[in-house]
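Novice: Mind having a look at this structure? Questions to follow.
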Amino acid sequence: MTGNFEFLDYLIFTLYAVLILGVGLWVSRDKKGHQKNAEDYFLASKSLPWWAIGASLIAANISAEQFIGMSGSGFALGLAIASYEWMAALTLIIVGKYFLPIFIEKGLYTIPEFVEKRFSTNLKTILAVFWIALYVFVNLASVLYLGSLALETIMGVPILYGVIGLALFAAAYSLYGGLSAVAWTDVIQVIFLVLGGLITTYLALDTVSGGEGVFAGMKTIYEAAPDRFAMILDKSNPEFKNLPGIGVLVGGLWVANLYYWGFNQYIIQRTLAAKSLKESQKGILLAALLKLVIPIIVVIPGIAAYVMVNDPSILASLGEAGLQNLPGLNQADKAYPWLLQFLPTGLKGIAFAALAAAIVSSLASMLNSTSTIFTMDIYKQYINKNASDKATVNMGRLSAGVALIIACIMAPLLGGIDQAFQFIQEYTGIVSPGILAVFMLGLFWKKTTNKAAIVGALVSIPIAMYFKVSPKGWATNSFFVDVPWMDQMGYTALLTMVVIVVLSLLQNKGADDHKGIPIQKDFFKTSPLFNVGAFVVMIILVVIYALFWK
């Protein structure tokens with residue numbers, strides 16, 4: 001085992017980069033006699049097959065924070081963190097069955113566009129500006145920073161050069177080709193992502209077992225650290241505040257997941273680009289099945305690293321390299337980069353390509369979605385209502401470029417990201433419950449009014465802040481004080497829905513809103529394939545939680 005990159009590793013990584021750029025530029029080319037229009041650029045000509053949609057959903061979702069952050073969480077607290085991934089599989093099934101039929105029937109380009117059709121242009125604009133700011137200053141900047149931090153840890157590339165390199169890589173094909181280039185290259189990215197992740201997991205477990213293989217390795221880490229395999233944490237666990245026991249299954253994690261997978265532009269956009277609703281639902285099903293596998297490649301390596309670090313005999317067998325950048329409970333995010341240095345030459349290049357694929361595919365997806373929202377919801381609404389297809393596509397490219405430049409400036413400033421990233425997640429949870437309440441009632445309750453939706457979205461913020469900062473001294477007996485932040489999101493969403501329901505009933509005196517969506521009886525009918533696949537996903541989840549429920 002070698003601690004540094006060899007020529008073969010650089011060659012494999014270079015071939016990966018050339019392959020991604022080549023495919024991205026090839027699918028981006030204009031067909032003879034046809035100039036790229038808005039549907040081509042932003043929705044890939046509505047031609048994506050199910051397997052491209054499923055792969056692209058996972059590639060857009062998995063980034064440096066999963067490989068680095070979730071492996072670190074696996075090291076620090078164990079398998080419980082995998083609930084984010086496994087509950088997402090169930091969330092995807094719900095999105096495919098109940099949300100997609102409405103979105104695709106409405107012929108949407110963007111999620112804010114749904115807000116305009118259901119509520120008003122004013123509310124659409126408010127949310128469009130919010131999402132653009134969130135994508136540029138939080139999502140793009142943090143992915144660039146975490147990605148460049150990984151490059152610095154593994155290869156010694158300075159942060160600034162890493163930020164610029166990743167930005168140029170993502171921009172090279174996504175700015176020109178739009179969603180089509182992003183989605184088709186995502187298929188390749190996911191192959192590298194899963195293959196590289198599985199290689200790292202295999203070698204980590206093989207090392208732990210003394211060369212006896214994966215199953216022996218799983219048995220070893222389970223026996224060495226049984227506490228790391230508890231899926232449902234009790235109140236005595238110091239991480240209960242982040243993963244509040246049974247509340248993970250029935251509480252605020254649903255708010256985070258439904259908001260992220262159902263109403264997040266850079267996730268839902270690839271499903272809107274499907275050939276048909278059935279094709280889109282098959283893609284969602286593939287993504288749900290892949291979600292079941294993700295903890296194997298991002299959480300298990302962290303648990304294996306924990307066992308290796310705490311076993312003197314294993315640590316001694318790793319030599320001097322084992323003592324370099326050693327992860328600990330206070331520096332758990334070093335676990336995945338630490339493991340990569342023990343991979344053999346060649347495999348190290350594949351594993352690093354997997355990490356790069358996760359980072360670059362997420363960057364490309366966020367860029368494309370930021371430009372889609374700006375161009376379709378701001379530019380065509382307020383700046384140039386009669387923009388031609390050529391002008392619309394050019395504005396999409398320009399706005400993506402500007403967003404990337406701003407994110408590159410912001411990324412190096414996120415120096416304390418280990419603390420800041422959790423901070424960002426918590427405070428995104430202040431806004432997401434209100435937005436989720438607006439969308440859920442807007443979709444499925446015809447009496448919801450525009451005024452009630454705006455008031456509810458605004459009122460949700462002080463409700464969320466109450467849970468976060470309310471003084472304990474005068475309200476120690478209150479049920480709503482000092483609850484875990486994930487539960488806070490659940491309570492905020494429920495109370496916001498109550499506000500919206502009451503105001504809507506008062507405003508329309510119980511009558512349906514004129515923009516309410518009529519839900520037909522067979523609207524949510526799905527194919528036998530989708531139904532069987534959904535059943536398989538649920539059975540697998542039941543088995544997983546039954547095995548590790550302790």
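To be explicit about the labels: the chains of the structure tokens are called A, B, and onward in the order shown, and within each one the residues are counted from 1, while ligands get numbers from 1 in the order they are shown.
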Can you tell me which residues surround stretch 173-185 of chain A at a distance of at most 7 Å, considering only C-alpha atoms, apart from same-chain residues fewer than 2 positions away, and format the answer as an NGL selection string?

Specialist: :A and (20-21 or 23-25 or 27-28 or 41-44 or 52 or 56 or 170-171 or 187-189 or 364-365 or 368 or 397 or 400)

Novice: Do a neighbour search on stretch 152-165 of chain A at 9 Å with only C-alpha atoms, toss out local chain neighbours closer than 2 positions, and write the hits as a list in words.

Specialist: Asn4, Phe5, Leu144, Tyr145, Gly147, Ser148, Leu149, Ala150, Ala167, Leu168, Phe169, Ala170, Asn325, Lys334, Pro337, Trp338, Leu340, Gln341, Phe352, Cys408, Ala411 and Pro412 of chain A

Novice: Take the residues from that selection and write them out as a compact mmCIF listing (two decimals), in the first residue's frame, keeping C-alpha atoms.

Specialist:
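Once written, result28.txt looks like this:
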```txt
# COMPACT_ATOMS: atom_id res chain seq x y z
CA ASN A 4 0.90 8.88 -2.35
CA PHE A 5 -0.55 9.01 -5.84
CA LEU A 144 -16.90 24.01 -3.82
CA TYR A 145 -15.27 24.49 -0.42
CA GLY A 147 -14.63 19.55 -2.53
CA SER A 148 -11.47 21.64 -2.54
CA LEU A 149 -10.87 20.71 1.11
CA ALA A 150 -10.95 17.05 0.07
CA ALA A 167 -15.52 25.23 -10.97
CA LEU A 168 -13.88 25.12 -14.41
CA PHE A 169 -14.44 21.35 -14.67
CA ALA A 170 -18.17 21.65 -13.92
CA ASN A 325 -3.97 12.65 9.35
CA LYS A 334 -10.77 12.91 8.24
CA PRO A 337 -9.55 10.77 3.16
CA TRP A 338 -7.50 8.75 5.71
CA LEU A 340 -8.07 6.47 0.68
CA GLN A 341 -4.31 6.55 1.32
CA PHE A 352 -10.56 9.58 -6.13
CA CYS A 408 -15.95 30.82 -6.14
CA ALA A 411 -16.11 29.34 -1.06
CA PRO A 412 -12.65 30.15 0.44
```

Novice: So which bits of stretch 34-276 of chain A end up helix (DSSP H, G or I) when you DSSP the backbone, as a ChimeraX atom specification?

Specialist: /A:38-46,50-61,64-76,79-105,111-118,121-155,159-177,179-208,214-224,226-229,238-241,247-250,253-263,265-272

Novice: Tell me, as a ChimeraX atom specification, which residues lie within 9 Å of stretch 94-103 of chain A, counting only C-alpha atoms; anything in the same chain fewer than 3 positions away does not count.

Specialist: /A:90-91,106-108,111,114,258,261-262,268,271-272,277,280-285,443,517,519,523-526,530

Novice: Excluding same-chain residues fewer than 5 positions from A:Val502, what lies within 12 Å of it counting only C-alpha atoms, as a list of chain:residue names?

Specialist: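 The filter keeps A:Lys447, A:Thr448, A:Thr449, A:Lys451, A:Ala452, A:Ala453, A:Val455, A:Gly456, A:Leu495, A:Thr496, A:Met497, A:Gln507, A:Asn508, A:Lys509, A:Gly510.
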
Novice: Under the rule that only C-alpha atoms are counted, which of A:Ile463, A:Ala80, A:Leu547, A:Met366 is the nearest residue to A:Ile232?

Specialist: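 Nearest to A:Ile232: A:Ala80.
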
Novice: Between A:Phe263, A:Tyr306, A:Tyr135, A:Trp445, which one has atoms that come closest to A:Ala407, using only C-alpha atoms?

Specialist: A:Tyr135

Novice: Go through stretch 147-255 of chain A residue by residue and, counting only C-alpha atoms, keep those with an atom at most 12 Å from stretch 429-436 of chain A; for each kept residue give the shortest atom pair and its distance in Å to one decimal, ordered by chain and increasing number, as a Markdown table.

Specialist:
```
| residue | atom | partner | partner_atom | distance |
| --- | --- | --- | --- | --- |
| A:Gly251 | CA | A:Pro433 | CA | 11.9 |
| A:Gly252 | CA | A:Pro433 | CA | 8.9 |
| A:Leu253 | CA | A:Gly429 | CA | 10.1 |
| A:Trp254 | CA | A:Pro433 | CA | 10.0 |
| A:Val255 | CA | A:Pro433 | CA | 6.2 |
```
